[in-house]
>>> print(open('input28.cif').read())   # mmCIF, C-alpha atoms
data_start
#
loop_
_atom_site.label_atom_id
_atom_site.label_comp_id
_atom_site.auth_asym_id
_atom_site.auth_seq_id
_atom_site.Cartn_x
_atom_site.Cartn_y
_atom_site.Cartn_z
CA MET A 210 104.81 -53.38 -126.39
CA LYS A 211 104.38 -53.37 -122.65
CA VAL A 212 100.87 -54.38 -121.81
CA THR A 213 99.41 -52.38 -118.97
CA THR A 214 95.94 -51.70 -117.73
CA GLN A 215 96.03 -48.31 -119.38
CA GLU A 216 97.05 -49.31 -122.88
CA PRO A 217 95.08 -51.31 -125.46
CA GLU A 218 96.55 -54.43 -127.05
CA HIS A 219 95.51 -53.35 -130.52
CA HIS A 220 95.22 -49.96 -132.09
CA THR A 221 91.84 -48.46 -131.36
CA PHE A 222 90.08 -45.30 -132.50
CA THR A 223 90.00 -43.80 -129.00
CA GLY A 224 93.37 -45.15 -127.92
CA LEU A 225 91.54 -47.02 -125.19
CA ASP A 226 90.98 -50.75 -124.85
CA HIS A 227 87.59 -51.85 -126.12
CA ARG A 228 86.96 -54.37 -123.39
CA LYS A 229 87.59 -51.76 -120.72
CA LEU A 230 85.19 -49.37 -122.43
CA LEU A 231 82.65 -52.19 -122.64
CA MET A 232 83.02 -52.91 -118.94
CA TRP A 233 82.33 -49.28 -118.02
CA VAL A 234 79.30 -49.14 -120.30
CA PHE A 235 78.06 -52.36 -118.74
CA LEU A 236 78.58 -50.98 -115.22
CA GLY A 237 76.66 -47.86 -116.19
CA SER A 238 73.77 -50.04 -117.32
CA ASP A 239 73.99 -52.15 -114.18
CA CYS A 240 73.44 -48.93 -112.21
CA LEU A 241 70.05 -48.63 -113.88
CA PHE A 242 69.27 -52.24 -113.05
CA PHE A 243 69.99 -51.86 -109.35
CA GLY A 244 68.56 -48.34 -109.30
CA ALA A 245 65.21 -49.73 -110.38
CA LEU A 246 65.23 -52.43 -107.71
CA ILE A 247 66.31 -50.03 -104.96
CA ALA A 248 63.72 -47.43 -105.95
CA THR A 249 60.98 -50.07 -105.94
CA HIS A 250 62.02 -51.14 -102.47
CA MET A 251 62.00 -47.57 -101.18
CA VAL A 252 58.64 -46.71 -102.69
CA ASN A 253 57.00 -49.65 -100.98
CA ARG A 254 58.63 -49.07 -97.65
CA GLY A 255 55.59 -47.53 -96.00
CA ARG A 256 52.91 -49.57 -97.61
CA ALA A 257 53.79 -53.20 -97.19
CA GLU A 258 51.12 -55.04 -95.32
CA LEU A 259 53.29 -55.94 -92.40
CA LEU A 260 52.73 -58.99 -90.31
CA HIS A 261 53.55 -59.01 -86.64
CA GLY A 262 57.27 -59.44 -86.10
CA LEU A 263 58.05 -59.21 -89.81
CA SER A 264 58.63 -55.50 -90.28
CA PRO A 265 62.08 -54.25 -91.30
CA ALA A 266 62.93 -53.18 -87.76
CA CYS A 267 62.17 -56.67 -86.48
CA VAL A 268 63.99 -58.84 -88.98
CA LEU A 269 66.91 -56.75 -90.22
CA ASP A 270 70.01 -57.38 -88.14
CA ILE A 271 72.21 -54.29 -88.32
CA PRO A 272 75.23 -55.64 -86.37
CA ILE A 273 75.59 -58.75 -88.52
CA THR A 274 75.06 -56.82 -91.73
CA SER A 275 77.64 -54.24 -90.65
CA ALA A 276 80.09 -57.10 -90.28
CA SER A 277 79.30 -58.46 -93.74
CA THR A 278 79.60 -54.95 -95.19
CA PHE A 279 83.03 -54.66 -93.63
CA VAL A 280 84.01 -58.03 -95.13
CA LEU A 281 83.01 -56.91 -98.61
CA LEU A 282 84.81 -53.59 -98.17
CA MET A 283 88.01 -55.42 -97.21
CA SER A 284 87.64 -57.68 -100.24
CA SER A 285 87.82 -54.55 -102.40
CA VAL A 286 91.13 -53.67 -100.75
CA MET A 287 92.42 -57.16 -101.55
CA MET A 288 91.24 -56.76 -105.14
CA VAL A 289 93.01 -53.49 -105.72
CA LEU A 290 96.22 -55.01 -104.33
CA ALA A 291 95.78 -57.91 -106.77
CA VAL A 292 95.59 -55.47 -109.68
CA ALA A 293 98.67 -53.66 -108.41
CA ALA A 294 100.54 -56.99 -108.13
CA SER A 295 99.64 -57.96 -111.69
CA GLU A 296 100.85 -54.60 -112.98
CA ARG A 297 104.18 -55.26 -111.24
CA GLY A 298 104.31 -58.73 -112.80
CA ASP A 299 104.35 -60.35 -109.34
CA MET A 300 102.46 -63.58 -110.05
CA ARG A 301 102.80 -65.01 -106.58
CA GLN A 302 101.36 -61.93 -104.88
CA LEU A 303 98.66 -61.77 -107.52
CA ARG A 304 97.51 -65.29 -106.68
CA VAL A 305 97.49 -64.55 -102.96
CA TRP A 306 95.37 -61.41 -103.33
CA LEU A 307 93.02 -63.03 -105.85
CA PHE A 308 92.48 -65.90 -103.46
CA LEU A 309 91.85 -63.58 -100.51
CA THR A 310 89.39 -61.47 -102.50
CA ALA A 311 87.46 -64.57 -103.52
CA LEU A 312 87.59 -65.87 -99.96
CA LEU A 313 86.16 -62.69 -98.45
CA GLY A 314 83.54 -62.60 -101.18
CA THR A 315 82.51 -66.14 -100.27
CA ILE A 316 82.36 -65.20 -96.59
CA PHE A 317 80.04 -62.33 -97.53
CA LEU A 318 77.85 -64.78 -99.43
CA GLY A 319 77.84 -66.97 -96.35
CA PHE A 320 76.46 -64.07 -94.33
CA GLN A 321 73.78 -63.49 -96.97
CA VAL A 322 72.72 -67.14 -97.03
CA TYR A 323 72.53 -67.18 -93.25
CA GLU A 324 70.44 -64.01 -93.28
CA PHE A 325 68.06 -65.31 -95.96
CA LEU A 326 67.57 -68.59 -94.16
CA SER A 327 66.88 -66.92 -90.83
CA PHE A 328 64.31 -64.59 -92.43
CA VAL A 329 62.53 -67.49 -94.09
CA HIS A 330 62.59 -69.31 -90.80
CA GLU A 331 60.90 -66.33 -89.16
CA GLY A 332 58.22 -66.34 -91.83
CA LEU A 333 59.44 -63.65 -94.21
CA THR A 334 59.70 -65.04 -97.75
CA VAL A 335 59.77 -63.44 -101.18
CA GLY A 336 56.02 -63.98 -101.38
CA THR A 337 54.97 -62.80 -97.92
CA ASN A 338 54.47 -59.11 -98.52
CA LEU A 339 55.92 -56.14 -100.40
CA PHE A 340 58.81 -55.84 -97.99
CA GLY A 341 59.79 -59.47 -98.51
CA SER A 342 59.37 -59.30 -102.29
CA THR A 343 61.43 -56.18 -102.82
CA PHE A 344 64.04 -57.10 -100.23
CA PHE A 345 64.76 -60.61 -101.51
CA THR A 346 64.71 -59.55 -105.16
CA LEU A 347 67.16 -56.73 -104.54
CA THR A 348 69.61 -58.52 -102.25
CA GLY A 349 69.17 -61.77 -104.17
CA PHE A 350 70.29 -60.19 -107.42
CA HIS A 351 73.17 -58.54 -105.64
CA GLY A 352 74.19 -61.90 -104.20
CA ALA A 353 74.04 -63.37 -107.70
CA HIS A 354 76.39 -60.63 -108.89
CA VAL A 355 78.82 -61.43 -106.06
CA THR A 356 78.66 -65.13 -106.93
CA ILE A 357 79.52 -64.43 -110.56
CA GLY A 358 82.41 -62.27 -109.32
CA VAL A 359 83.75 -65.03 -107.09
CA ILE A 360 83.60 -67.55 -109.95
CA TRP A 361 85.40 -65.06 -112.20
CA LEU A 362 88.16 -64.50 -109.64
CA LEU A 363 88.63 -68.19 -108.96
CA SER A 364 88.86 -68.94 -112.67
CA LEU A 365 91.52 -66.22 -113.00
CA LEU A 366 93.34 -67.85 -110.12
CA ALA A 367 93.11 -71.28 -111.72
CA THR A 368 94.33 -70.18 -115.13
CA SER A 369 97.24 -68.34 -113.51
CA PHE A 370 98.69 -71.80 -112.86
CA TRP A 371 97.80 -73.26 -116.21
CA ARG A 372 97.91 -70.71 -119.04
CA ALA A 373 98.95 -67.43 -117.44
CA ASP A 374 100.07 -66.04 -120.79
CA LEU A 375 96.44 -65.99 -121.90
CA THR A 376 94.93 -64.42 -118.84
CA THR A 377 96.64 -63.33 -115.68
CA GLY A 378 99.78 -62.41 -117.58
CA ASN A 379 97.87 -59.42 -118.91
CA PRO A 380 97.13 -56.94 -116.10
CA LEU A 381 94.11 -55.67 -117.98
CA ASN A 382 92.27 -58.93 -117.38
CA ILE A 383 92.72 -58.53 -113.63
CA ASP A 384 91.73 -54.90 -113.92
CA LEU A 385 88.46 -55.80 -115.65
CA ALA A 386 87.59 -58.27 -112.93
CA GLY A 387 88.53 -55.61 -110.40
CA LEU A 388 86.18 -53.05 -111.94
CA TYR A 389 83.31 -55.53 -111.74
CA TRP A 390 84.17 -56.47 -108.17
CA HIS A 391 84.41 -52.87 -106.95
CA PHE A 392 81.10 -52.08 -108.61
CA VAL A 393 79.43 -54.93 -106.77
CA ASP A 394 80.91 -53.50 -103.57
CA ILE A 395 79.58 -49.99 -104.14
CA VAL A 396 76.14 -51.36 -104.97
CA TRP A 397 76.22 -53.07 -101.61
CA ILE A 398 77.26 -49.79 -99.95
CA VAL A 399 74.12 -48.22 -101.38
CA ILE A 400 71.90 -51.18 -100.45
CA PHE A 401 73.23 -51.31 -96.89
CA THR A 402 72.59 -47.61 -96.40
CA VAL A 403 69.18 -47.47 -98.05
CA VAL A 404 67.64 -50.77 -97.03
CA TYR A 405 69.21 -51.39 -93.65
CA LEU A 406 70.13 -48.03 -92.18
CA VAL A 407 67.62 -45.61 -93.69
CA GLY A 408 65.06 -48.38 -93.96
CA VAL A 409 64.89 -48.83 -90.21
CA VAL A 410 65.27 -45.22 -89.04
CA GLY A 411 62.44 -44.17 -86.78
CA LEU A 412 60.71 -47.54 -86.95
CA GLY A 413 60.24 -49.81 -84.03
CA CYS A 414 59.59 -53.52 -84.14
CA VAL A 415 55.86 -53.99 -84.63
CA MET B 616 99.88 -45.01 -121.54
CA HIS B 617 97.37 -42.78 -123.22
CA PRO B 618 98.57 -39.16 -123.04
CA ARG B 619 95.41 -38.16 -121.13
CA GLU B 620 95.90 -40.72 -118.37
CA LYS B 621 97.84 -40.44 -115.14
CA PRO B 622 99.94 -43.10 -113.38
CA ARG B 623 98.24 -45.18 -110.73
CA PRO B 624 98.59 -44.55 -106.99
CA SER B 625 100.69 -46.73 -104.71
CA ALA B 626 99.63 -49.66 -102.54
CA VAL B 627 99.93 -47.43 -99.47
CA THR B 628 97.31 -45.08 -100.89
CA TYR B 629 94.98 -48.00 -101.53
CA ILE B 630 95.32 -49.29 -97.99
CA PHE B 631 94.84 -45.80 -96.58
CA ILE B 632 91.61 -45.44 -98.54
CA GLY B 633 90.54 -48.86 -97.26
CA GLY B 634 91.02 -47.50 -93.74
CA VAL B 635 88.96 -44.44 -94.51
CA LEU B 636 86.14 -46.61 -95.91
CA THR B 637 86.13 -48.72 -92.75
CA LEU B 638 86.10 -45.64 -90.56
CA VAL B 639 83.18 -44.09 -92.43
CA THR B 640 81.18 -47.32 -92.14
CA ALA B 641 81.92 -47.41 -88.40
CA VAL B 642 80.68 -43.81 -88.08
CA GLU B 643 77.46 -44.69 -89.92
CA VAL B 644 76.73 -47.65 -87.68
CA ALA B 645 77.58 -45.65 -84.54
CA ALA B 646 75.30 -42.81 -85.62
CA PHE B 647 72.53 -45.33 -86.18
CA TYR B 648 72.77 -46.61 -82.63
CA LEU B 649 73.09 -43.16 -81.08
CA ASN B 650 69.41 -42.52 -81.81
CA VAL B 651 70.01 -39.32 -83.68
CA ALA B 652 66.84 -37.81 -85.12
CA GLY B 653 65.73 -39.29 -88.42
CA SER B 654 65.71 -35.99 -90.25
CA VAL B 655 69.38 -35.53 -89.35
CA LEU B 656 70.42 -39.16 -89.71
CA VAL B 657 69.11 -39.80 -93.20
CA PRO B 658 71.03 -36.94 -94.86
CA ILE B 659 74.15 -38.03 -92.93
CA PHE B 660 73.77 -41.58 -94.27
CA ILE B 661 73.25 -40.38 -97.80
CA ILE B 662 76.26 -38.08 -97.70
CA LEU B 663 78.56 -40.71 -96.16
CA SER B 664 77.46 -43.29 -98.69
CA LEU B 665 78.13 -40.91 -101.55
CA LEU B 666 81.58 -40.36 -100.06
CA LYS B 667 82.33 -44.09 -99.98
CA PHE B 668 80.91 -44.47 -103.48
CA ALA B 669 83.15 -41.66 -104.76
CA LEU B 670 86.27 -43.00 -103.04
CA VAL B 671 85.85 -46.49 -104.50
CA VAL B 672 85.02 -45.24 -107.98
CA MET B 673 87.75 -42.60 -108.14
CA PHE B 674 90.58 -44.56 -106.58
CA TYR B 675 89.87 -48.30 -106.60
CA MET B 676 88.26 -48.17 -109.99
CA HIS B 677 90.77 -45.46 -110.86
CA LEU B 678 88.45 -43.23 -112.81
CA ARG B 679 90.48 -40.33 -111.48
CA TYR B 680 93.54 -41.62 -113.27
CA ASP B 681 92.02 -42.90 -116.45
CA HIS B 682 90.63 -41.36 -119.57
CA LEU B 683 87.61 -39.10 -119.19
CA LEU B 684 85.60 -41.18 -121.65
CA PHE B 685 85.19 -43.98 -119.10
CA SER B 686 83.86 -41.49 -116.56
CA CYS B 687 81.39 -40.13 -119.11
CA PHE B 688 79.89 -43.53 -119.80
CA PHE B 689 79.66 -44.47 -116.17
CA ALA B 690 78.36 -41.08 -115.02
CA THR B 691 75.58 -41.27 -117.62
CA GLY B 692 74.43 -44.55 -116.16
CA VAL B 693 74.63 -43.35 -112.57
CA LEU B 694 72.81 -40.07 -113.23
CA LEU B 695 70.08 -41.76 -115.24
CA ALA B 696 69.61 -44.33 -112.50
CA ILE B 697 69.42 -41.69 -109.77
CA GLY B 698 67.13 -39.47 -111.83
CA VAL B 699 64.65 -42.18 -112.73
CA GLY B 700 64.77 -43.62 -109.22
CA LEU B 701 64.09 -40.26 -107.59
CA ALA B 702 61.29 -39.49 -110.02
CA PHE B 703 59.67 -42.82 -109.25
CA ILE B 704 59.98 -42.29 -105.51
CA ALA B 705 58.71 -38.71 -105.68
CA LEU B 706 55.66 -39.86 -107.60
CA PHE B 707 54.70 -42.91 -105.62
CA GLY B 708 56.64 -42.76 -102.40
CA ASN B 709 55.27 -42.34 -98.97
CA PHE B 710 57.77 -41.24 -96.40
CA ASP B 711 56.54 -41.38 -92.85
CA ILE B 712 59.84 -41.59 -91.09
CA GLY B 713 58.67 -42.09 -87.54
CA GLU B 714 55.26 -43.70 -87.64
CA PRO B 715 55.15 -46.80 -89.80
CA ASN B 716 52.26 -46.09 -92.12
CA VAL B 717 51.12 -49.66 -92.14
CA MET B 718 48.57 -51.78 -90.39
CA ALA B 719 49.94 -54.70 -88.46
CA VAL B 720 47.70 -57.72 -88.75
CA SER B 721 47.84 -61.21 -87.35
CA PRO B 722 49.69 -63.72 -89.51
CA THR B 723 47.35 -65.52 -91.88
CA PRO B 724 47.74 -69.21 -92.80
CA THR B 725 48.38 -68.48 -96.49
CA PRO B 726 51.38 -66.27 -97.17
CA LEU B 727 49.76 -64.65 -100.22
CA PRO B 728 46.58 -62.79 -99.31
CA THR B 729 44.07 -63.10 -102.11
CA SER B 730 41.39 -60.90 -100.63
CA THR B 731 41.50 -57.16 -100.13
CA PRO B 732 42.92 -55.91 -96.83
CA PRO B 733 40.63 -55.96 -93.80
CA LEU B 734 38.73 -52.73 -93.31
CA GLU B 735 39.36 -50.25 -90.56
CA PRO B 736 36.30 -48.72 -88.92
CA LEU B 737 36.02 -45.19 -90.26
CA ALA B 738 35.02 -42.11 -88.34
CA GLY B 739 31.27 -41.83 -88.55
CA GLY B 740 30.35 -45.45 -88.11
CA ASP B 741 30.25 -48.62 -90.18
CA VAL B 742 31.39 -49.06 -93.70
CA LEU B 743 28.47 -48.49 -96.02
CA THR B 744 27.59 -51.38 -98.24
CA ILE B 745 25.27 -51.64 -101.17
CA GLY B 746 24.50 -55.28 -101.69
CA ASP B 747 27.71 -57.07 -100.78
CA VAL B 748 30.03 -54.40 -102.11
CA GLY B 749 31.71 -52.13 -99.53
CA GLY B 750 32.49 -48.68 -100.92
CA SER B 751 35.81 -48.38 -99.17
CA GLN B 752 36.68 -51.86 -100.42
CA VAL B 753 36.02 -50.70 -103.97
CA PHE B 754 38.18 -47.68 -103.29
CA ILE B 755 41.14 -49.86 -102.39
CA SER B 756 40.62 -52.67 -104.88
CA LYS B 757 40.37 -50.31 -107.84
CA GLY B 758 43.66 -48.71 -106.85
CA CYS B 759 42.36 -45.33 -105.71
CA GLY B 760 44.52 -45.62 -102.61
CA ALA B 761 47.66 -45.49 -104.70
CA CYS B 762 47.06 -41.82 -105.42
CA HIS B 763 44.67 -40.58 -102.72
CA THR B 764 44.83 -40.60 -98.94
CA VAL B 765 41.91 -41.22 -96.64
CA ASN B 766 42.57 -40.95 -92.94
CA GLY B 767 42.05 -44.28 -91.22
CA LEU B 768 41.74 -46.32 -94.41
CA ALA B 769 44.60 -48.78 -94.74
CA GLY B 770 46.20 -48.63 -98.15
CA ALA B 771 44.89 -45.15 -98.96
CA VAL B 772 48.33 -43.63 -98.86
CA GLY B 773 48.97 -41.97 -102.19
CA SER B 774 49.86 -38.32 -102.61
CA VAL B 775 49.62 -38.07 -106.39
CA GLY B 776 46.08 -36.71 -106.16
CA PRO B 777 44.35 -34.55 -103.53
CA GLY B 778 43.62 -36.09 -100.13
CA LEU B 779 39.99 -37.13 -99.89
CA ASP B 780 39.25 -36.44 -96.24
CA GLY B 781 36.41 -33.95 -96.26
CA VAL B 782 35.82 -34.40 -99.98
CA ALA B 783 32.05 -34.61 -99.44
CA THR B 784 32.02 -31.12 -97.94
CA ARG B 785 34.27 -29.67 -100.62
CA ALA B 786 32.32 -31.38 -103.40
CA ALA B 787 29.18 -29.58 -102.34
CA GLU B 788 30.81 -26.16 -102.45
CA ARG B 789 33.52 -26.23 -105.09
CA GLU B 790 31.54 -25.88 -108.27
CA PRO B 791 28.56 -23.53 -108.28
CA GLY B 792 25.48 -25.33 -109.41
CA VAL B 793 27.01 -28.78 -108.96
CA GLY B 794 25.95 -30.80 -105.92
CA ALA B 795 28.27 -33.06 -103.94
CA GLU B 796 27.13 -36.35 -105.47
CA GLU B 797 27.22 -35.04 -109.03
CA TYR B 798 30.68 -33.56 -108.44
CA ILE B 799 32.02 -36.85 -107.13
CA ARG B 800 30.42 -38.94 -109.88
CA GLU B 801 31.73 -36.64 -112.59
CA SER B 802 35.20 -36.66 -111.09
CA VAL B 803 35.39 -40.42 -111.53
CA ILE B 804 33.61 -40.64 -114.91
CA ASP B 805 35.60 -37.76 -116.41
CA PRO B 806 38.72 -37.40 -114.30
CA GLY B 807 40.18 -33.94 -114.24
CA VAL B 808 36.89 -32.24 -115.13
CA TYR B 809 37.11 -30.36 -111.84
CA LEU B 810 40.88 -30.39 -111.59
CA VAL B 811 42.23 -29.22 -108.24
CA GLU B 812 44.90 -26.53 -108.40
CA GLY B 813 48.38 -27.85 -107.82
CA TYR B 814 47.64 -31.29 -109.20
CA GLY B 815 48.20 -32.65 -112.68
CA ALA B 816 45.66 -34.39 -114.87
CA LEU B 817 47.00 -37.81 -113.95
CA MET B 818 43.89 -39.73 -112.99
CA PRO B 819 43.31 -42.64 -115.38
CA PRO B 820 40.60 -41.61 -117.88
CA ALA B 821 38.83 -44.97 -118.03
CA ILE B 822 38.62 -45.64 -114.35
CA ARG B 823 34.80 -45.71 -114.33
CA ASP B 824 34.96 -48.60 -116.81
CA ILE B 825 36.83 -50.95 -114.53
CA MET B 826 33.98 -51.23 -112.07
CA SER B 827 30.40 -52.39 -112.18
CA SER B 828 27.52 -49.97 -111.62
CA GLU B 829 27.01 -51.52 -108.21
CA GLU B 830 30.65 -50.93 -107.30
CA PHE B 831 30.52 -47.37 -108.61
CA ASP B 832 27.42 -46.56 -106.55
CA ALA B 833 29.03 -48.00 -103.44
CA LEU B 834 32.21 -46.00 -104.08
CA VAL B 835 30.28 -42.76 -104.47
CA GLU B 836 28.25 -43.47 -101.32
CA PHE B 837 31.50 -44.09 -99.46
CA LEU B 838 33.10 -40.87 -100.70
CA LEU B 839 29.99 -38.95 -99.67
CA THR B 840 30.60 -40.02 -96.06
CA LEU B 841 33.98 -38.28 -96.00
CA LYS B 842 32.92 -34.95 -94.54
#
>>> encode(input="input28.cif", output="structure tokens")
Amino acid sequence: MKVTTQEPEHHTFTGLDHRKLLMWVFLGSDCLFFGALIATHMVNRGRAELLHGLSPACVLDIPITSASTFVLLMSSVMMVLAVAASERGDMRQLRVWLFLTALLGTIFLGFQVYEFLSFVHEGLTVGTNLFGSTFFTLTGFHGAHVTIGVIWLLSLLATSFWRADLTTGNPLNIDLAGLYWHFVDIVWIVIFTVVYLVGVVGLGCV
Amino acid sequence: MHPREKPRPSAVTYIFIGGVLTLVTAVEVAAFYLNVAGSVLVPIFIILSLLKFALVVMFYMHLRYDHLLFSCFFATGVLLAIGVGLAFIALFGNFDIGEPNVMAVSPTPTPLPTSTPPLEPLAGGDVLTIGDVGGSQVFISKGCGACHTVNGLAGAVGSVGPGLDGVATRAAEREPGVGAEEYIRESVIDPGVYLVEGYGALMPPAIRDIMSSEEFDALVEFLLTLK
């Protein structure tokens, strides 16, 4: 039986793979998780007791964040090419794309770490005010999701050399990682728009 | 392949979509720097983001090509998240796009302020105090500001309940036979007794119990200055 990303390994009631169904249910629930954090950030946008120089318009750096957004977007392109390679059975290509996806993801994390450190250096911490609390909680949890994704991808890459028959030999396993990775990307799309772009519209640095 | 599923698109399609995503992001950032009006910019951002969201979900996560059941599960999560988020924002949000509705203060030595926010001088003179308890301070510390607005009082930003500017004047006239002070006292002791049209009975019923008599008197005196 040819194993593809669209066919379950064992007979199932729906004809669909259980792990894939689980992943989609999980992603649906993760929407609620991030939705709550984003909504909390938006609600408190106008009422954080803002210290001089620590309002969103002062600290948020749109150019740098646009660059990191682009990096994450490109990593999704790499990911989808990795899934396509695994469906073709091209192990070498698969490894290349997996590596590149993980690399771009790590670069994105690098941007985030740099941003967090520079904010803390300017005096904005998770405990400073409502803006700091909601911002760091939201982007921190997103960064944690990306980190988990990078670890997942790198472990897929590693096992592709060691026991490919268990993991990367089955395109579905790459597909599952891909679903998670793309979800993390679209959450960032929403965060970038809501927190950075909409969050700074009409506000000057106070 | 499951009979209800379609074959996946080619690598070229994926790369093309990647190009579109990049282009849309570039447009968003450009629009941001072009100083377009906020009321135009925000809907543009929301629409473009939804577009990127849809492209990634439909094509990269191939919901368009896979069984409908996956879409159902995911859509439920997304719609619930959006619904609850919007409800929360509508109830407690404060959207002054333009003027930041905050008070900028000098940085304090401790990052976590433990006292209530400093008071703004209100129209009509100094903050009234009874003993050491400032009425407007009580107003903020008991959370009244989360649902009511008072012009010039930092933290009084809520729109769940009626705005309280001029409440002293209205309180005197709204209920025949009920004077301003009695109206205000009753409205705190028994919230919703004189419910204002257009607002729900949302004021916490036991709010009088979370303050001392001294605090309550100061609060009422403060509200009576809002003419």
>>> atom_distance(input="input28.cif", atom1="CA of Pro658 (chain B)", atom2="CA of Ile398 (chain A)")
15.2 Å
>>> residues_around(input="input28.cif", residues="Val811 (chain B)", least_positions_apart="5", cutoff="10 Å", atoms="all atoms listed in the file", output="number ranges by chain")
B: 776-777, 789, 816
>>> atom_distance(input="input28.cif", atom1="CA of Cys240 (chain A)", atom2="CA of His354 (chain A)")
12.5 Å
>>> atom_distance(input="input28.cif", atom1="CA of Thr249 (chain A)", atom2="CA of Val268 (chain A)")
19.3 Å
>>> residues_around(input="input28.cif", residues="Val835 (chain B)", least_positions_apart="3", cutoff="10 Å", atoms="all atoms listed in the file", output="PDB file with C-alpha atoms, keeping the file's coordinate frame")
ATOM      1  CA  GLY B 750      32.490 -48.680-100.920  1.00  0.00           C
ATOM      2  CA  SER B 751      35.810 -48.380 -99.170  1.00  0.00           C
ATOM      3  CA  VAL B 753      36.020 -50.700-103.970  1.00  0.00           C
ATOM      4  CA  PHE B 754      38.180 -47.680-103.290  1.00  0.00           C
ATOM      5  CA  ALA B 783      32.050 -34.610 -99.440  1.00  0.00           C
ATOM      6  CA  ALA B 795      28.270 -33.060-103.940  1.00  0.00           C
ATOM      7  CA  GLU B 796      27.130 -36.350-105.470  1.00  0.00           C
ATOM      8  CA  GLU B 797      27.220 -35.040-109.030  1.00  0.00           C
ATOM      9  CA  ILE B 799      32.020 -36.850-107.130  1.00  0.00           C
ATOM     10  CA  ARG B 800      30.420 -38.940-109.880  1.00  0.00           C
ATOM     11  CA  VAL B 803      35.390 -40.420-111.530  1.00  0.00           C
ATOM     12  CA  GLU B 830      30.650 -50.930-107.300  1.00  0.00           C
ATOM     13  CA  PHE B 831      30.520 -47.370-108.610  1.00  0.00           C
ATOM     14  CA  ASP B 832      27.420 -46.560-106.550  1.00  0.00           C
ATOM     15  CA  LEU B 838      33.100 -40.870-100.700  1.00  0.00           C
ATOM     16  CA  LEU B 839      29.990 -38.950 -99.670  1.00  0.00           C
ATOM     17  CA  THR B 840      30.600 -40.020 -96.060  1.00  0.00           C
TER      18      THR B 840
END
>>> resolve_selection(input="input28.cif", expression="the PyMOL selection byres ((chain A and resi 285-291) around 9)", output="count of residues only")
36
>>> closest_residue(input="input28.cif", among="A:Phe370, A:Tyr389, A:Phe320, A:Phe279", to="Phe235 (chain A)", atoms="only C-alpha atoms")
A:Tyr389
>>> resolve_selection(input="input28.cif", expression="the PyMOL selection byres ((chain B and resi 762) around 6)", output="list of chain:residue names")
B:Cys759, B:Gly760, B:Ala761, B:His763, B:Gly773, B:Ser774, B:Val775, B:Gly776
>>> write_last_selection(input="input28.cif", atoms="C-alpha atoms", output="short mmCIF file (atom, residue, chain, number, x, y, z; two decimals), in the coordinates of the input")
data_model
loop_
_atom_site.label_atom_id
_atom_site.label_comp_id
_atom_site.auth_asym_id
_atom_site.auth_seq_id
_atom_site.Cartn_x
_atom_site.Cartn_y
_atom_site.Cartn_z
CA CYS B 759 42.36 -45.33 -105.71
CA GLY B 760 44.52 -45.62 -102.61
CA ALA B 761 47.66 -45.49 -104.70
CA HIS B 763 44.67 -40.58 -102.72
CA GLY B 773 48.97 -41.97 -102.19
CA SER B 774 49.86 -38.32 -102.61
CA VAL B 775 49.62 -38.07 -106.39
CA GLY B 776 46.08 -36.71 -106.16
#
>>> residues_around(input="input28.cif", residues="Thr356 (chain A)", least_positions_apart="2", cutoff="12 Å", atoms="all atoms listed in the file", output="list in words")
Ala311, Leu312, Leu313, Gly314, Thr315, Ile316, Phe317, Leu318, Gly319, Gln321, Val322, Gly349, Phe350, His351, Gly352, Ala353, His354, Gly358, Val359, Ile360, Trp361, Leu362, Leu363, Tyr389, Trp390 and Val393 of chain A
>>> build_atoms(input="input28.cif", residues="region 264-272 of chain A", atoms="N, CA and C atoms", output="mmCIF file, in the coordinates of the input")
data_model
loop_
_atom_site.group_PDB
_atom_site.id
_atom_site.type_symbol
_atom_site.label_atom_id
_atom_site.label_comp_id
_atom_site.auth_asym_id
_atom_site.auth_seq_id
_atom_site.Cartn_x
_atom_site.Cartn_y
_atom_site.Cartn_z
ATOM 1 N N SER A 264 58.327 -56.794 -89.700
ATOM 2 C CA SER A 264 58.630 -55.500 -90.280
ATOM 3 C C SER A 264 60.149 -55.357 -90.361
ATOM 4 N N PRO A 265 60.631 -54.403 -91.162
ATOM 5 C CA PRO A 265 62.080 -54.250 -91.300
ATOM 6 C C PRO A 265 62.805 -54.154 -89.966
ATOM 7 N N ALA A 266 62.243 -53.374 -89.041
ATOM 8 C CA ALA A 266 62.930 -53.180 -87.760
ATOM 9 C C ALA A 266 63.033 -54.483 -86.969
ATOM 10 N N CYS A 267 62.134 -55.408 -87.228
ATOM 11 C CA CYS A 267 62.170 -56.670 -86.480
ATOM 12 C C CYS A 267 63.170 -57.649 -87.062
ATOM 13 N N VAL A 268 63.196 -57.776 -88.369
ATOM 14 C CA VAL A 268 63.990 -58.840 -88.980
ATOM 15 C C VAL A 268 65.412 -58.422 -89.341
ATOM 16 N N LEU A 269 65.585 -57.157 -89.768
ATOM 17 C CA LEU A 269 66.910 -56.750 -90.220
ATOM 18 C C LEU A 269 67.880 -56.679 -89.049
ATOM 19 N N ASP A 270 69.011 -57.328 -89.205
ATOM 20 C CA ASP A 270 70.010 -57.380 -88.140
ATOM 21 C C ASP A 270 71.177 -56.469 -88.514
ATOM 22 N N ILE A 271 71.198 -55.261 -87.938
ATOM 23 C CA ILE A 271 72.210 -54.290 -88.320
ATOM 24 C C ILE A 271 73.637 -54.728 -87.929
ATOM 25 N N PRO A 272 73.863 -55.244 -86.729
ATOM 26 C CA PRO A 272 75.230 -55.640 -86.370
ATOM 27 C C PRO A 272 75.825 -56.673 -87.333
#
